[in-house]
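run-v3.txt (compact mmCIF, C-alpha atoms)
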# COMPACT_ATOMS: atom_id res chain seq x y z
CA LEU E 1 -71.90 50.08 97.84
CA VAL E 2 -71.83 53.87 97.42
CA GLY E 3 -70.81 53.50 93.80
CA ARG E 4 -73.64 51.07 93.10
CA THR E 5 -76.09 53.39 94.85
CA VAL E 6 -75.01 56.40 92.78
CA VAL E 7 -75.84 54.94 89.38
CA GLN E 8 -79.01 52.96 90.09
CA ILE E 9 -81.43 55.79 89.37
CA GLY E 10 -82.05 54.57 85.81
CA ALA E 11 -81.75 50.84 86.38
CA THR E 12 -84.32 48.25 87.30
CA GLY E 13 -83.53 45.19 89.32
CA PRO E 14 -84.76 41.60 89.11
CA GLY E 15 -87.42 40.19 91.38
CA ILE E 16 -86.72 39.72 95.05
CA ALA E 17 -85.69 36.25 96.23
CA MET E 18 -85.14 34.79 99.65
CA GLU E 19 -81.64 33.63 98.75
CA VAL E 20 -79.65 35.92 96.46
CA PRO E 21 -75.95 36.11 95.63
CA SER E 22 -74.03 38.52 97.82
CA ARG E 23 -71.57 39.50 95.16
CA SER E 24 -71.83 42.61 93.02
CA GLN E 25 -71.98 42.46 89.25
CA ARG E 26 -68.35 43.52 89.16
CA ASP E 27 -67.31 40.42 91.09
CA VAL E 28 -69.38 38.20 88.81
CA GLU E 29 -67.78 39.74 85.74
CA ILE E 30 -64.30 39.33 87.14
CA GLU E 31 -64.79 35.73 88.23
CA SER E 32 -66.45 34.74 84.97
CA GLU E 33 -63.33 35.78 83.10
CA GLY E 34 -61.32 33.23 84.98
CA ASN E 35 -57.63 33.34 85.76
CA PRO E 36 -55.85 30.05 85.07
CA GLY E 37 -52.55 31.40 86.29
CA VAL E 38 -53.79 31.98 89.83
CA ASP E 39 -54.41 28.93 92.00
CA GLY E 40 -53.11 30.29 95.31
CA GLY E 41 -54.84 31.37 98.48
CA PRO E 42 -57.13 34.29 99.14
CA SER E 43 -54.32 36.87 98.97
CA GLN E 44 -53.34 35.78 95.45
CA LYS E 45 -56.97 35.76 94.34
CA ILE E 46 -57.55 39.23 95.75
CA SER E 47 -54.37 40.47 94.05
CA ALA E 48 -55.56 39.02 90.75
CA MET E 49 -59.00 40.59 91.22
CA TRP E 50 -57.37 43.94 91.96
CA ALA E 51 -55.22 43.65 88.83
CA ARG E 52 -58.23 42.92 86.64
CA THR E 53 -60.20 45.75 88.26
CA SER E 54 -57.35 48.19 87.61
CA SER E 55 -57.16 46.97 84.03
CA ALA E 56 -60.90 47.48 83.53
CA ILE E 57 -60.67 51.05 84.87
CA SER E 58 -57.65 51.81 82.70
CA GLU E 59 -59.37 50.49 79.58
CA TYR E 60 -62.53 52.47 80.29
CA VAL E 61 -60.61 55.70 80.86
CA THR E 62 -58.66 55.15 77.62
CA ASP E 63 -61.68 54.19 75.51
CA GLN E 64 -63.97 56.90 76.93
CA SER E 65 -61.56 59.83 76.99
CA GLY E 66 -64.35 62.13 75.78
CA ARG E 67 -66.53 61.24 78.76
CA MET E 68 -63.59 61.72 81.11
CA LEU E 69 -62.87 65.17 79.69
CA ARG E 70 -66.53 66.15 79.88
CA HIS E 71 -66.76 65.02 83.49
CA LEU E 72 -63.57 66.90 84.35
CA LEU E 73 -64.91 70.07 82.74
CA TYR E 74 -68.15 69.75 84.73
CA VAL E 75 -66.19 69.34 87.98
CA VAL E 76 -63.90 72.30 87.27
CA GLY E 77 -66.70 74.54 85.99
CA LEU E 78 -68.97 73.81 88.95
CA ALA E 79 -66.08 74.25 91.40
CA LEU E 80 -65.23 77.66 89.90
CA GLY E 81 -68.89 78.66 90.09
CA LEU E 82 -69.05 77.63 93.75
CA ILE E 83 -65.87 79.57 94.52
CA SER E 84 -67.40 82.68 92.98
CA LEU E 85 -70.63 82.22 94.94
CA ARG E 86 -68.71 81.63 98.15
CA ARG E 87 -66.84 84.93 97.76
CA LYS E 88 -70.12 86.77 97.23
CA ALA E 89 -71.66 85.02 100.23
CA GLU E 90 -68.68 85.98 102.41
CA LEU E 91 -69.16 89.65 101.55
CA TRP E 92 -72.93 89.56 102.11
CA ALA E 93 -72.50 87.61 105.36
CA GLN E 94 -70.82 90.66 106.88
CA GLN E 95 -74.21 92.40 106.81
CA ASP E 96 -76.45 89.31 107.09
CA ARG E 97 -75.16 86.80 109.64
CA SER E 98 -77.81 84.30 108.56
CA LEU E 99 -75.55 83.59 105.56
CA ASP E 100 -72.79 82.17 107.80
CA GLN E 101 -74.14 78.64 107.39
CA THR E 102 -74.28 79.12 103.61
CA VAL E 103 -70.64 80.21 103.60
CA ARG E 104 -69.65 77.10 105.56
CA VAL E 105 -71.54 74.86 103.14
CA LEU E 106 -69.72 76.43 100.18
CA ASP E 107 -66.34 76.24 101.90
CA ARG E 108 -65.39 72.99 100.09
CA PRO E 109 -66.12 73.86 96.43
CA LEU E 110 -64.09 71.06 94.82
CA SER E 111 -65.53 68.35 97.07
CA ALA E 112 -69.03 69.75 96.59
CA SER E 113 -68.67 69.73 92.80
CA LEU E 114 -67.41 66.13 92.94
CA ILE E 115 -70.48 65.07 94.95
CA VAL E 116 -72.92 66.71 92.55
CA THR E 117 -71.23 65.39 89.38
CA VAL E 118 -70.73 61.87 90.77
CA LEU E 119 -74.42 61.74 91.68
CA LEU E 120 -75.04 62.36 87.98
CA GLY E 121 -72.84 59.38 87.15
CA ASP E 122 -75.63 57.50 85.39
CA LEU E 123 -75.92 60.38 82.90
CA LEU E 124 -72.19 60.98 82.48
CA HIS E 125 -71.07 57.34 82.50
CA ARG E 126 -74.01 55.31 81.24
CA GLY E 127 -72.93 51.72 80.61
CA ALA E 128 -69.65 52.09 82.52
CA PRO E 129 -68.07 48.93 83.99
CA SER E 130 -68.72 48.16 87.64
CA ALA E 131 -65.06 48.73 88.47
CA TRP E 132 -65.36 52.37 87.39
CA ILE E 133 -68.59 52.75 89.36
CA ASP E 134 -66.81 51.50 92.48
CA ALA E 135 -63.99 53.98 91.84
CA LEU E 136 -66.55 56.80 91.72
CA GLY E 137 -67.93 55.49 95.01
CA LEU E 138 -64.51 55.84 96.63
CA VAL E 139 -64.21 59.40 95.30
CA LEU E 140 -67.64 60.14 96.73
CA VAL E 141 -66.70 58.86 100.19
CA ILE E 142 -63.56 61.02 100.23
CA ALA E 143 -65.60 64.06 99.17
CA LEU E 144 -68.13 63.36 101.93
CA LEU E 145 -65.32 63.30 104.50
CA ARG E 146 -64.52 66.86 103.42
CA VAL E 147 -68.06 68.24 103.12
CA LEU E 148 -70.00 66.64 105.99
CA PRO E 149 -68.03 68.35 108.81
CA GLN E 150 -69.00 71.70 107.25
CA ILE E 151 -72.70 70.82 107.22
CA VAL E 152 -73.48 68.85 110.37
CA PRO E 153 -73.16 70.16 113.95
CA ARG E 154 -69.94 69.43 115.81
CA THR E 155 -71.48 66.59 117.83
CA LEU E 156 -72.38 64.75 114.60
CA GLN E 157 -69.07 65.25 112.79
CA PRO E 158 -67.84 61.69 113.57
CA LEU E 159 -70.65 60.55 111.24
CA ALA E 160 -68.39 61.12 108.22
CA TYR E 161 -65.77 58.71 109.57
CA LEU E 162 -68.41 56.13 110.48
CA LEU E 163 -69.64 56.23 106.87
CA ALA E 164 -66.09 55.73 105.60
CA LEU E 165 -65.64 52.76 107.96
CA LEU E 166 -68.91 51.19 106.78
CA TYR E 167 -67.89 51.71 103.14
CA PHE E 168 -64.58 49.88 103.56
CA LEU E 169 -66.19 47.09 105.61
CA ASP E 170 -68.70 46.59 102.81
CA GLU E 171 -65.91 46.47 100.22
CA ALA E 172 -64.05 43.91 102.33
CA THR E 173 -67.22 41.80 102.57
CA ARG E 174 -67.59 41.84 98.81
CA LEU E 175 -63.99 40.77 98.28
CA ALA E 176 -64.34 37.77 100.61
CA PRO E 177 -65.14 34.38 99.04
CA ASP E 178 -68.91 34.14 98.74
CA GLY E 179 -70.70 32.29 101.55
CA ASN E 180 -67.68 30.98 103.44
CA LEU E 181 -66.79 31.66 107.07
CA ILE E 182 -64.76 34.81 106.34
CA ASP E 183 -67.59 36.25 104.29
CA ARG E 184 -70.13 35.60 107.06
CA LEU E 185 -67.86 37.03 109.76
CA LEU E 186 -67.23 40.20 107.76
CA LEU E 187 -70.95 40.52 107.07
CA LEU E 188 -71.65 40.13 110.79
CA VAL E 189 -69.06 42.78 111.66
CA LEU E 190 -70.59 45.09 109.04
CA SER E 191 -74.09 44.67 110.46
CA VAL E 192 -72.92 45.16 114.06
CA VAL E 193 -70.97 48.33 113.21
CA ALA E 194 -73.94 49.64 111.21
CA THR E 195 -76.31 48.92 114.12
CA LEU E 196 -74.05 50.69 116.62
CA SER E 197 -73.64 53.64 114.26
CA CYS E 198 -77.41 54.03 113.88
CA TRP E 199 -77.84 53.67 117.64
CA TRP E 200 -75.27 56.45 118.16
CA VAL E 201 -77.14 58.69 115.70
CA GLU E 202 -80.41 57.91 117.49
CA ARG E 203 -78.96 59.05 120.81
CA LYS E 204 -77.71 62.28 119.24
CA LEU E 205 -81.07 62.96 117.64
CA ALA E 206 -82.84 62.33 120.94
CA THR E 207 -80.68 64.76 122.92
CA HIS E 208 -80.13 67.51 120.32
CA ARG E 209 -82.61 69.19 117.98
CA PHE E 210 -80.47 69.35 114.87
CA ILE E 211 -83.50 69.28 112.56
CA GLU E 212 -85.77 72.29 112.89
CA SER E 213 -88.87 70.74 111.28
CA ALA E 214 -90.70 68.48 113.72
CA ASN E 215 -92.10 66.37 110.86
CA TRP E 216 -88.71 65.76 109.28
CA ARG E 217 -87.17 65.09 112.70
CA TRP E 218 -89.81 62.43 113.30
CA ALA E 219 -89.26 60.94 109.83
CA VAL E 220 -85.47 60.77 110.27
CA ARG E 221 -85.76 59.11 113.68
CA LEU E 222 -88.31 56.62 112.35
CA GLY E 223 -86.07 55.74 109.41
CA ASN E 224 -83.09 55.36 111.72
CA ARG E 225 -85.02 52.97 113.99
CA ILE E 226 -86.16 50.93 111.00
CA ALA E 227 -82.52 50.70 109.88
CA ILE E 228 -81.50 49.45 113.33
CA ALA E 229 -84.22 46.77 113.21
CA ALA E 230 -83.19 45.73 109.68
CA PHE E 231 -79.52 45.40 110.65
CA VAL E 232 -80.45 43.28 113.68
CA ILE E 233 -82.66 41.03 111.52
CA GLY E 234 -79.83 40.70 109.01
CA SER E 235 -77.38 39.76 111.76
CA VAL E 236 -79.71 37.06 113.10
CA ALA E 237 -80.30 35.71 109.58
CA ASN E 238 -76.56 35.54 109.00
CA ILE E 239 -75.98 33.69 112.27
CA ILE E 240 -78.63 31.05 111.54
CA GLY E 241 -77.20 30.47 108.05
CA SER E 242 -79.51 32.44 105.73
CA VAL E 243 -76.58 34.32 104.19
CA GLY E 244 -78.36 35.38 101.00
CA PHE E 245 -81.28 36.94 102.86
CA ALA E 246 -78.91 38.56 105.37
CA THR E 247 -76.87 40.07 102.54
CA LEU E 248 -79.98 41.48 100.87
CA ILE E 249 -81.27 43.05 104.11
CA ILE E 250 -77.93 44.40 105.36
CA GLU E 251 -76.59 45.76 102.08
CA GLY E 252 -79.99 47.05 100.99
CA THR E 253 -80.49 48.91 104.27
CA LEU E 254 -76.93 50.23 104.22
CA ALA E 255 -77.39 51.45 100.66
CA ALA E 256 -80.63 53.19 101.68
CA VAL E 257 -78.82 54.95 104.52
CA PHE E 258 -76.00 56.05 102.21
CA ALA E 259 -78.51 57.24 99.60
CA ALA E 260 -80.41 59.27 102.22
CA ILE E 261 -77.21 61.00 103.34
CA LEU E 262 -76.08 61.63 99.77
CA VAL E 263 -79.33 63.24 98.63
CA TRP E 264 -79.49 65.27 101.85
CA VAL E 265 -75.96 66.62 101.28
CA ALA E 266 -76.84 67.40 97.65
CA VAL E 267 -79.97 69.27 98.74
CA VAL E 268 -78.04 71.28 101.34
CA LEU E 269 -75.43 72.23 98.72
CA LEU E 270 -78.04 73.18 96.13
CA ARG E 271 -80.02 75.19 98.69
CA ALA E 272 -76.89 77.18 99.51
CA VAL E 273 -76.31 77.82 95.80
CA VAL E 274 -79.93 78.91 95.26
CA ARG E 275 -79.86 81.26 98.23
CA VAL E 276 -76.73 83.05 97.00
CA VAL E 277 -77.84 83.11 93.35
CA LEU E 278 -81.13 84.80 94.26
CA LEU E 279 -79.15 87.58 95.95
CA THR E 280 -77.10 88.38 92.87
CA THR E 281 -77.75 91.44 90.72
CA ALA E 282 -78.49 89.30 87.67
CA ALA E 283 -81.23 87.38 89.50
CA LYS E 284 -82.79 90.56 90.86
CA LYS E 285 -83.28 91.84 87.33
CA LEU E 286 -86.13 89.32 87.12
CA ALA E 287 -89.31 90.89 88.45
CA ILE E 288 -90.48 87.64 90.03
CA VAL E 289 -87.25 87.43 92.06
CA ARG E 290 -87.20 91.11 92.92
CA LEU E 291 -90.81 91.13 94.14
CA HIS E 292 -91.17 87.61 95.54
CA SER E 293 -87.65 86.44 96.40
CA GLY E 294 -88.75 84.71 99.60
CA GLU E 295 -91.57 82.81 97.91
CA VAL E 296 -89.35 81.81 94.99
CA ARG E 297 -86.64 80.58 97.35
CA ASN E 298 -89.08 78.54 99.42
CA ALA E 299 -90.68 77.05 96.30
CA ILE E 300 -87.28 75.96 94.95
CA PHE E 301 -86.33 74.55 98.35
CA LYS E 302 -89.51 72.46 98.47
CA PHE E 303 -88.97 71.22 94.93
CA LEU E 304 -85.39 70.15 95.76
CA THR E 305 -86.57 68.41 98.92
CA TRP E 306 -89.30 66.36 97.27
CA ALA E 307 -87.12 65.58 94.24
CA ALA E 308 -84.52 64.22 96.68
CA VAL E 309 -87.18 62.13 98.46
CA LEU E 310 -88.28 60.66 95.13
CA ALA E 311 -84.69 59.87 94.12
CA TRP E 312 -84.05 58.23 97.49
CA ALA E 313 -87.22 56.13 97.21
CA ILE E 314 -86.20 54.88 93.75
CA TRP E 315 -82.68 54.03 94.90
CA THR E 316 -84.00 52.19 97.96
CA LEU E 317 -86.50 50.12 95.95
CA GLU E 318 -83.72 49.16 93.53
CA ASP E 319 -81.38 48.18 96.36
CA PHE E 320 -84.04 45.80 97.67
CA LYS E 321 -84.68 44.46 94.13
CA VAL E 322 -88.35 45.47 94.04
CA TYR E 323 -88.31 48.61 91.89
CA GLU E 324 -89.51 46.88 88.73
CA GLN E 325 -92.40 45.21 90.53
CA VAL E 326 -93.48 48.45 92.22
CA TRP E 327 -93.17 50.39 88.96
CA ASN E 328 -95.23 47.86 87.00
CA TRP E 329 -97.90 47.72 89.71
CA SER E 330 -98.08 51.54 89.85
CA LYS E 331 -98.51 51.74 86.08
CA LYS E 332 -101.35 49.21 86.19
CA VAL E 333 -103.13 51.18 88.92
CA LEU E 334 -102.68 54.56 87.23
CA ASP E 335 -103.64 53.25 83.78
CA ALA E 336 -106.64 51.27 84.97
CA GLU E 337 -110.00 52.38 83.59
CA ILE E 338 -112.82 52.86 86.08
CA SER E 339 -116.28 53.05 84.49
CA PHE E 340 -119.34 54.81 85.90
CA GLY E 341 -122.09 54.16 83.38
CA GLU E 342 -121.02 55.97 80.23
CA PHE E 343 -118.16 57.75 81.98
CA THR E 344 -114.67 56.29 82.23
CA LEU E 345 -112.01 57.62 84.55
CA VAL E 346 -108.27 56.87 84.46
CA PRO E 347 -106.60 57.52 87.88
CA GLY E 348 -103.37 58.72 86.30
CA THR E 349 -105.18 61.30 84.18
CA VAL E 350 -107.23 62.51 87.15
CA LEU E 351 -104.11 62.94 89.28
CA LEU E 352 -102.38 64.81 86.46
CA PHE E 353 -105.39 67.12 86.13
CA PHE E 354 -105.40 68.07 89.81
CA PHE E 355 -101.62 68.42 89.81
CA MET E 356 -101.79 70.92 86.94
CA ILE E 357 -104.47 72.91 88.78
CA TRP E 358 -102.34 72.97 91.93
CA LEU E 359 -99.23 73.97 89.94
CA SER E 360 -101.13 76.76 88.18
CA PHE E 361 -102.36 78.07 91.52
CA LYS E 362 -98.83 78.08 92.96
CA ILE E 363 -97.44 79.90 89.91
CA SER E 364 -100.22 82.47 90.05
CA GLN E 365 -99.18 83.34 93.60
CA LEU E 366 -95.77 84.42 92.30
CA ILE E 367 -97.06 86.61 89.48
Spit out the file's structure as structure tokens when you get a sec.
Amino acid sequence: LVGRTVVQIGATGPGIAMEVPSRSQRDVEIESEGNPGVDGGPSQKISAMWARTSSAISEYVTDQSGRMLRHLLYVVGLALGLISLRRKAELWAQQDRSLDQTVRVLDRPLSASLIVTVLLGDLLHRGAPSAWIDALGLVLVIALLRVLPQIVPRTLQPLAYLLALLYFLDEATRLAPDGNLIDRLLLLVLSVVATLSCWWVERKLATHRFIESANWRWAVRLGNRIAIAAFVIGSVANIIGSVGFATLIIEGTLAAVFAAILVWVAVVLLRAVVRVVLLTTAAKKLAIVRLHSGEVRNAIFKFLTWAAVLAWAIWTLEDFKVYEQVWNWSKKVLDAEISFGEFTLVPGTVLLFFFMIWLSFKISQLI
């Protein structure tokens, strides 16, 4: 699930249907190949699927050695950069205690670099087989187990292990034969665990003010309650026999939750990097940084936040198989021509015009 979420930023899904297959594309590819030599029970079939998955990963790594090397260089280079920034932050934190949180965020440089580079998987591994995407998802979960405890308050640190549990439950659901009793039971367990996890987060959010912004705190709690409702609806649909609809709701909601956490972690990491970089001597050579460091930092933070929101929205629409429809509808609305006598207005052009005015005004404030 995490692997599929990571690389969906450039993909578009088919139209939504009330009954859809619960298997991933990887499972379809594996089953379509067939395996005449395996006629045993579920354990033999799973073993055969694992063997074919391992073979697909091995072939991809061998055939795309250039991509592998490039990805490795990105991970190592970013990790070394984060180590250097962490050392600078540790020194500056001795005079400015507000940098303590930044130091903690940068305390896992290798895991942080893995998260950032894996989130760019669609650029680094475009066209990769689903087996490799799932492998990246496992790497991402392990990295999150290392990074999340450094970011979240102590009372929310079990969240990392809940995410790992949900990931492995989802993988088990996907490995189960499609639509049979085992598949439905695993799907029910997944939805129940997800519901209880969201309920636990809701209780923590209600009793502790982890999020400083009141607006974002309200948005997070609203999203969490919607996730709880979606998991309950999916559980009921599964019980009454609508397995396809239940799978779409449960896995789509779970993917949206994972995507929200991933982009939030990425934003926290990038904010820490930006804050330290703006304190370096090289950055202060720029007049705009030297004279308006606070404004520049806040502007970059806002850009990262809204870019993350946009990425999350795209991922969520794709997980629910409605991205293509929403994109096509948006294009029609923005490209529509509205006539007023001899004048014709195009909404997209008007929005772009006002956006450029707003952007020019913001830039002028920093000059």
Inset, instruction - Work out how far CA of Ile249 (chain E) is from CA of Ala176 (chain E), in Å to one decimal. - result: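 Interatomic distance, CA of Ala176 (chain E) to CA of Ile249 (chain E): 18.1 Å.
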Legend entry - Spatial neighbours of Arg290 (chain E), 10 Å, all atoms listed in the file, chain gap at least 4 places, as a list in words: Leu278, Leu279, Thr281, Ala283, Lys284, Lys285, Leu286, Gly294 and Val296 of chain E
Give me the residues of region 223-309 of chain E that have any atom at most 10 Å from an atom of region 144-161 of chain E; for each, the nearest atom pair and the distance in Å, rounded to one decimal. Use all atoms listed in the file, sort by chain and number, and format it as CSV.
residue,atom,partner,partner_atom,distance
E:Ile261,CA,E:Leu144,CA,9.5
E:Leu262,CA,E:Leu144,CA,8.4
E:Val265,CA,E:Leu148,CA,7.6
E:Val268,CA,E:Ile151,CA,8.0
E:Leu269,CA,E:Ile151,CA,9.0
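Atom to atom, CA of Cys198 (chain E) and CA of Ala255 (chain E) stand 13.5 Å apart.
Straight-line separation from CA of Thr173 (chain E) to CA of Leu190 (chain E): 8.0 Å.
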Might I get the box with edges along x, y and z of the file that holds all atoms of region 282-288 of chain E listed there, padded by 8 Å on every side, given as centre and edge lengths in Å to one decimal, as lines of an AutoDock Vina configuration file?
center_x = -84.5
center_y = 89.6
center_z = 89.0
size_x = 28.0
size_y = 20.5
size_z = 19.7
Legend entry - Counting only C-alpha atoms, the residue of E:Lys362, E:Ala164, E:Val333, E:Ile182 that sits nearest Gly348 (chain E):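 Going through E:Lys362, E:Ala164, E:Val333, E:Ile182 one by one, the smallest distance to Gly348 (chain E) is for E:Val333.
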